[in-house]
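K.L.:
Contents of final-v6.tsv (TSV, C-alpha atoms):
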```
chain	number	residue	atom	x	y	z
A	264	MET	CA	196.73	251.25	-24.36
A	265	CYS	CA	197.91	252.67	-27.70
A	266	SER	CA	194.96	251.09	-29.52
A	267	LEU	CA	192.55	252.66	-27.02
A	268	GLY	CA	194.05	256.08	-27.71
A	269	PHE	CA	193.72	255.46	-31.45
A	270	ALA	CA	190.05	254.47	-31.02
A	271	ARG	CA	189.41	257.62	-28.94
A	272	SER	CA	190.85	259.79	-31.72
A	273	LEU	CA	188.54	258.06	-34.22
A	274	GLY	CA	185.61	258.76	-31.87
A	275	PHE	CA	186.55	262.44	-31.73
A	276	ALA	CA	186.70	262.50	-35.56
A	277	LEU	CA	183.22	260.97	-35.92
A	278	ILE	CA	181.38	263.54	-33.78
A	279	PRO	CA	181.84	266.57	-36.12
A	280	LEU	CA	181.20	264.38	-39.19
A	281	ALA	CA	177.92	263.11	-37.73
A	282	THR	CA	176.88	266.64	-36.70
A	283	CYS	CA	177.60	267.97	-40.21
A	284	CYS	CA	175.52	265.14	-41.74
A	285	ILE	CA	172.56	266.13	-39.57
A	286	VAL	CA	172.92	269.80	-40.52
A	287	ALA	CA	173.19	269.00	-44.25
A	288	ASN	CA	170.07	266.82	-44.12
A	289	VAL	CA	168.10	269.49	-42.22
A	290	LEU	CA	169.13	272.12	-44.79
A	291	LEU	CA	167.70	269.90	-47.57
A	292	PHE	CA	164.26	270.53	-46.03
A	293	PHE	CA	164.61	274.29	-46.57
A	294	PRO	CA	165.65	275.04	-50.17
A	295	ASP	CA	167.02	278.58	-50.42
A	296	GLY	CA	166.39	278.90	-46.68
A	297	GLN	CA	162.60	279.01	-47.16
A	298	MET	CA	160.02	277.08	-45.15
A	299	ASP	CA	157.22	277.24	-47.77
A	300	PHE	CA	158.41	274.18	-49.70
A	301	VAL	CA	158.44	271.86	-46.70
A	302	LYS	CA	154.98	273.12	-45.63
A	303	ASP	CA	153.56	272.42	-49.09
A	304	ASN	CA	155.47	269.10	-49.35
A	305	HIS	CA	157.35	270.24	-52.46
A	306	LEU	CA	160.53	268.34	-51.63
A	307	THR	CA	162.22	265.34	-53.14
A	308	LYS	CA	161.01	262.11	-51.50
A	309	TYR	CA	164.57	261.16	-50.59
A	310	VAL	CA	164.81	263.97	-48.03
A	311	TRP	CA	162.22	262.08	-45.98
A	312	PHE	CA	164.51	259.04	-45.77
A	313	PHE	CA	166.56	261.01	-43.17
A	314	MET	CA	169.84	259.66	-44.53
A	315	GLY	CA	171.93	262.40	-42.91
A	316	ILE	CA	169.92	262.67	-39.70
A	317	GLY	CA	169.54	258.95	-39.02
A	318	GLY	CA	172.23	257.16	-41.04
A	319	GLY	CA	175.13	259.59	-41.13
A	320	GLY	CA	174.14	261.34	-37.90
A	321	ILE	CA	172.43	259.56	-35.00
A	322	ALA	CA	173.69	256.08	-35.99
A	323	MET	CA	177.26	257.42	-36.01
A	324	PHE	CA	177.03	258.68	-32.44
A	325	ILE	CA	176.87	255.04	-31.29
A	326	PRO	CA	180.40	254.16	-32.50
A	327	ALA	CA	181.69	257.62	-31.59
A	328	ILE	CA	180.59	257.31	-27.95
A	329	THR	CA	181.75	253.69	-27.83
A	330	PHE	CA	185.22	254.62	-29.12
A	331	LEU	CA	185.46	257.48	-26.63
A	332	CYS	CA	184.44	255.31	-23.67
A	333	MET	CA	186.68	252.34	-24.47
A	334	GLY	CA	189.14	253.12	-21.66
A	335	LYS	CA	186.37	252.85	-19.06
A	336	CYS	CA	185.10	249.68	-20.74
A	337	ALA	CA	188.58	248.13	-20.66
A	338	ASN	CA	188.84	248.91	-16.93
A	339	SER	CA	185.44	247.39	-16.15
A	340	CYS	CA	185.89	244.36	-18.47
A	341	GLY	CA	189.37	243.75	-17.19
A	342	THR	CA	190.90	243.38	-20.67
A	343	GLU	CA	191.53	245.61	-23.62
A	344	SER	CA	190.53	242.76	-25.98
A	345	CYS	CA	187.00	242.77	-24.57
A	346	ALA	CA	186.73	246.52	-25.17
A	347	MET	CA	188.07	246.14	-28.71
A	348	CYS	CA	185.42	243.51	-29.49
A	349	GLY	CA	182.76	245.98	-28.34
A	350	SER	CA	184.25	248.65	-30.58
A	351	VAL	CA	184.04	246.29	-33.56
A	352	LEU	CA	180.30	245.80	-32.97
A	353	ALA	CA	179.79	249.56	-32.65
A	354	ALA	CA	181.82	250.12	-35.82
A	355	LEU	CA	179.56	247.67	-37.67
A	356	ILE	CA	176.57	249.83	-36.70
A	357	GLY	CA	178.53	252.80	-38.05
A	358	LEU	CA	179.16	250.97	-41.33
A	359	VAL	CA	175.44	250.37	-41.77
A	360	GLY	CA	174.57	253.99	-40.93
A	361	SER	CA	177.20	255.55	-43.18
A	362	GLY	CA	176.43	253.06	-45.97
A	363	TYR	CA	172.72	253.97	-45.76
A	364	CYS	CA	173.55	257.69	-45.88
A	365	PHE	CA	175.85	257.19	-48.88
A	366	PHE	CA	173.38	255.02	-50.81
A	367	ILE	CA	170.31	257.27	-50.34
A	368	SER	CA	172.34	260.43	-51.03
A	369	ALA	CA	173.73	258.89	-54.23
A	370	VAL	CA	170.25	257.86	-55.43
A	371	ALA	CA	168.86	261.32	-54.59
A	372	LEU	CA	171.72	262.97	-56.45
A	373	LEU	CA	171.22	260.77	-59.53
A	374	ASN	CA	167.45	261.44	-59.62
A	375	GLY	CA	167.79	265.19	-59.17
A	376	PRO	CA	165.58	267.61	-57.27
A	377	PHE	CA	161.80	267.90	-57.13
A	378	CYS	CA	160.91	271.34	-58.45
A	379	PHE	CA	158.35	273.48	-60.23
A	380	THR	CA	158.85	273.43	-64.01
A	381	SER	CA	156.82	274.62	-66.98
A	382	LEU	CA	154.97	271.28	-66.69
A	383	GLY	CA	154.25	271.66	-62.96
A	384	TRP	CA	155.86	270.09	-59.88
A	385	ARG	CA	158.00	267.13	-60.84
A	386	SER	CA	161.50	265.66	-60.93
A	387	PRO	CA	162.65	266.74	-64.42
A	388	PHE	CA	166.01	264.96	-64.34
A	389	GLU	CA	164.84	261.61	-62.96
A	390	SER	CA	164.99	259.81	-66.31
A	391	ASP	CA	168.32	261.39	-67.34
A	392	GLY	CA	170.42	259.83	-64.60
A	393	PRO	CA	173.67	261.66	-63.82
A	394	LYS	CA	173.77	263.43	-67.20
A	395	TYR	CA	172.04	266.52	-65.79
A	396	LEU	CA	174.96	267.06	-63.41
A	397	PHE	CA	177.21	267.87	-66.36
A	398	ALA	CA	174.60	269.83	-68.36
A	399	ARG	CA	174.41	272.97	-66.25
A	400	GLU	CA	172.29	274.74	-68.86
A	401	SER	CA	169.46	272.26	-68.18
A	402	TRP	CA	169.24	273.34	-64.54
A	403	SER	CA	167.10	276.31	-65.56
A	404	GLU	CA	164.23	273.86	-66.09
A	405	CYS	CA	163.64	274.18	-62.36
A	406	ILE	CA	161.85	277.50	-61.86
A	407	GLN	CA	161.02	277.15	-58.14
A	408	PRO	CA	162.72	276.93	-55.71
A	409	VAL	CA	165.35	279.18	-57.19
A	410	HIS	CA	168.78	277.47	-57.33
A	411	ILE	CA	167.29	274.16	-56.10
A	412	VAL	CA	169.63	272.13	-58.30
A	413	GLU	CA	172.74	273.80	-56.86
A	414	TRP	CA	171.27	273.48	-53.35
A	415	ASN	CA	170.63	269.74	-53.71
A	416	VAL	CA	173.85	268.93	-55.57
A	417	THR	CA	175.97	270.76	-52.97
A	418	LEU	CA	174.28	269.27	-49.89
A	419	LEU	CA	174.02	265.75	-51.30
A	420	SER	CA	177.69	265.86	-52.36
A	421	ILE	CA	178.59	266.93	-48.82
A	422	LEU	CA	176.59	263.98	-47.46
A	423	LEU	CA	178.35	261.62	-49.87
A	424	GLY	CA	181.76	262.89	-48.79
A	425	LEU	CA	181.00	262.82	-45.06
A	426	SER	CA	179.45	259.35	-45.17
A	427	THR	CA	182.50	258.07	-47.09
A	428	LEU	CA	184.80	259.40	-44.35
A	429	GLU	CA	182.58	257.87	-41.66
A	430	PHE	CA	182.62	254.55	-43.48
A	431	LEU	CA	186.41	254.57	-43.75
A	432	ILE	CA	186.82	255.44	-40.06
A	433	CYS	CA	184.58	252.53	-39.09
A	434	VAL	CA	186.49	250.15	-41.39
A	435	VAL	CA	189.79	251.26	-39.82
A	436	GLN	CA	188.38	250.63	-36.33
A	437	ILE	CA	187.04	247.21	-37.32
A	438	VAL	CA	190.46	246.18	-38.63
A	439	SER	CA	192.22	247.67	-35.60
A	440	GLY	CA	189.74	246.10	-33.18
A	441	LEU	CA	189.96	242.65	-34.73
A	442	VAL	CA	193.75	242.72	-34.86
A	443	ASN	CA	193.94	243.80	-31.20
A	444	ALA	CA	191.22	241.43	-29.99
A	445	VAL	CA	192.60	238.40	-31.82
A	446	CYS	CA	196.35	238.97	-31.98
A	447	ARG	CA	197.06	240.72	-28.69
A	448	PRO	CA	196.24	237.73	-26.43
A	449	CYS	CA	198.44	235.51	-28.65
A	450	CYS	CA	201.30	238.02	-28.44
A	451	TYR	CA	200.98	238.17	-24.63
A	452	LYS	CA	201.11	234.34	-24.42
A	453	GLN	CA	204.24	234.21	-26.59
A	454	GLU	CA	205.88	237.00	-24.55
A	455	TYR	CA	205.00	235.18	-21.31
A	456	SER	CA	206.43	231.88	-22.56
A	457	LEU	CA	209.64	233.63	-23.70
A	458	ASN	CA	210.05	235.31	-20.30
A	459	ALA	CA	209.39	232.06	-18.45
```
Take the structure in the file and give it back as structure tokens.
P.N.:
Amino acid sequence: MCSLGFARSLGFALIPLATCCIVANVLLFFPDGQMDFVKDNHLTKYVWFFMGIGGGGIAMFIPAITFLCMGKCANSCGTESCAMCGSVLAALIGLVGSGYCFFISAVALLNGPFCFTSLGWRSPFESDGPKYLFARESWSECIQPVHIVEWNVTLLSILLGLSTLEFLICVVQIVSGLVNAVCRPCCYKQEYSLNA
């Protein structure tokens, strides 16, 4: 039952992480808290990939709910090993979701924001790669939205951090689930033979 309690605690940890990913992705649609840019479609294309809403958010609720309901599953399946196998499958979905969120957020961060410059609406840092992140003086190239570079860098960094934590939690549950599903029946057989 200890492994079920551990899985439940991982499920509780995933819920706020997934919620924060959704909020961070939604905020990317409203630079500086304004709705004009989303109406006029003056946003980076990566925002429309819904990495925080879908990958780091909704997809992560599947393993979170599975981990939280493992006690009921173990009771209905009859064995904890069966429940642990189910948690491994749910954790694999979580790995894909968090990996997607991390990958798209990293690409968006490397390409920089879409903003209005002296040459019109464009992504001025796209060809520079990550160099613009360390050249703060170049951020003034973006005239509108005001502080768009800071906005994007902050929110995308949050998404990177959250998706990394989600990924690690899912890896821990996969390892724990496999160890419990594979080793626990063997341990019970050995214990039974020793007692007999």
K.L.:
Find the spatial neighbours of Leu422 (chain A), counting only C-alpha atoms, within a cut-off of 9 Å - ignore same-chain residues fewer than 5 positions away - and output them as a PDB file with C-alpha atoms, in the frame of the given file.
P.N.:
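Saved file part14.pdb follows:
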```pdb
ATOM      1  CA  CYS A 283     177.600 267.970 -40.210  1.00  0.00           C
ATOM      2  CA  CYS A 284     175.520 265.140 -41.740  1.00  0.00           C
ATOM      3  CA  ALA A 287     173.190 269.000 -44.250  1.00  0.00           C
ATOM      4  CA  ASN A 288     170.070 266.820 -44.120  1.00  0.00           C
ATOM      5  CA  MET A 314     169.840 259.660 -44.530  1.00  0.00           C
ATOM      6  CA  GLY A 315     171.930 262.400 -42.910  1.00  0.00           C
ATOM      7  CA  GLY A 319     175.130 259.590 -41.130  1.00  0.00           C
ATOM      8  CA  CYS A 364     173.550 257.690 -45.880  1.00  0.00           C
ATOM      9  CA  PHE A 365     175.850 257.190 -48.880  1.00  0.00           C
ATOM     10  CA  SER A 368     172.340 260.430 -51.030  1.00  0.00           C
ATOM     11  CA  ALA A 369     173.730 258.890 -54.230  1.00  0.00           C
ATOM     12  CA  THR A 417     175.970 270.760 -52.970  1.00  0.00           C
ATOM     13  CA  THR A 427     182.500 258.070 -47.090  1.00  0.00           C
TER      14      THR A 427
END
```
K.L.:
Kindly give the distance, in Å, that separates CA of Ala322 (chain A) and CA of Leu441 (chain A), rounded to a single decimal.
P.N.:
21.1 Å
K.L.:
With only C-alpha atoms as the basis for distance, which of A:Ser381, A:Thr307, A:Ser386, A:Thr329 is at the shortest distance from Phe275 (chain A)?
P.N.:
A:Thr329
K.L.:
Name the closest residue to Leu280 (chain A) among the candidates A:Leu382, A:Cys332, A:Val351, A:Met323; distances are taken between atoms, counting all atoms listed in the file.
P.N.:
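Looking only at the distances to Leu280 (chain A), the closest residue turns out to be A:Met323.
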K.L.:
With all atoms listed in the file as the counted atoms, please give the residues lying no more than 12 Å from Phe397 (chain A), apart from itself and same-chain residues fewer than 4 positions off, as a list in words.
P.N.:
Leu373, Phe388, Asp391, Gly392, Pro393, Ser401, Trp402, Val412 and Val416 of chain A
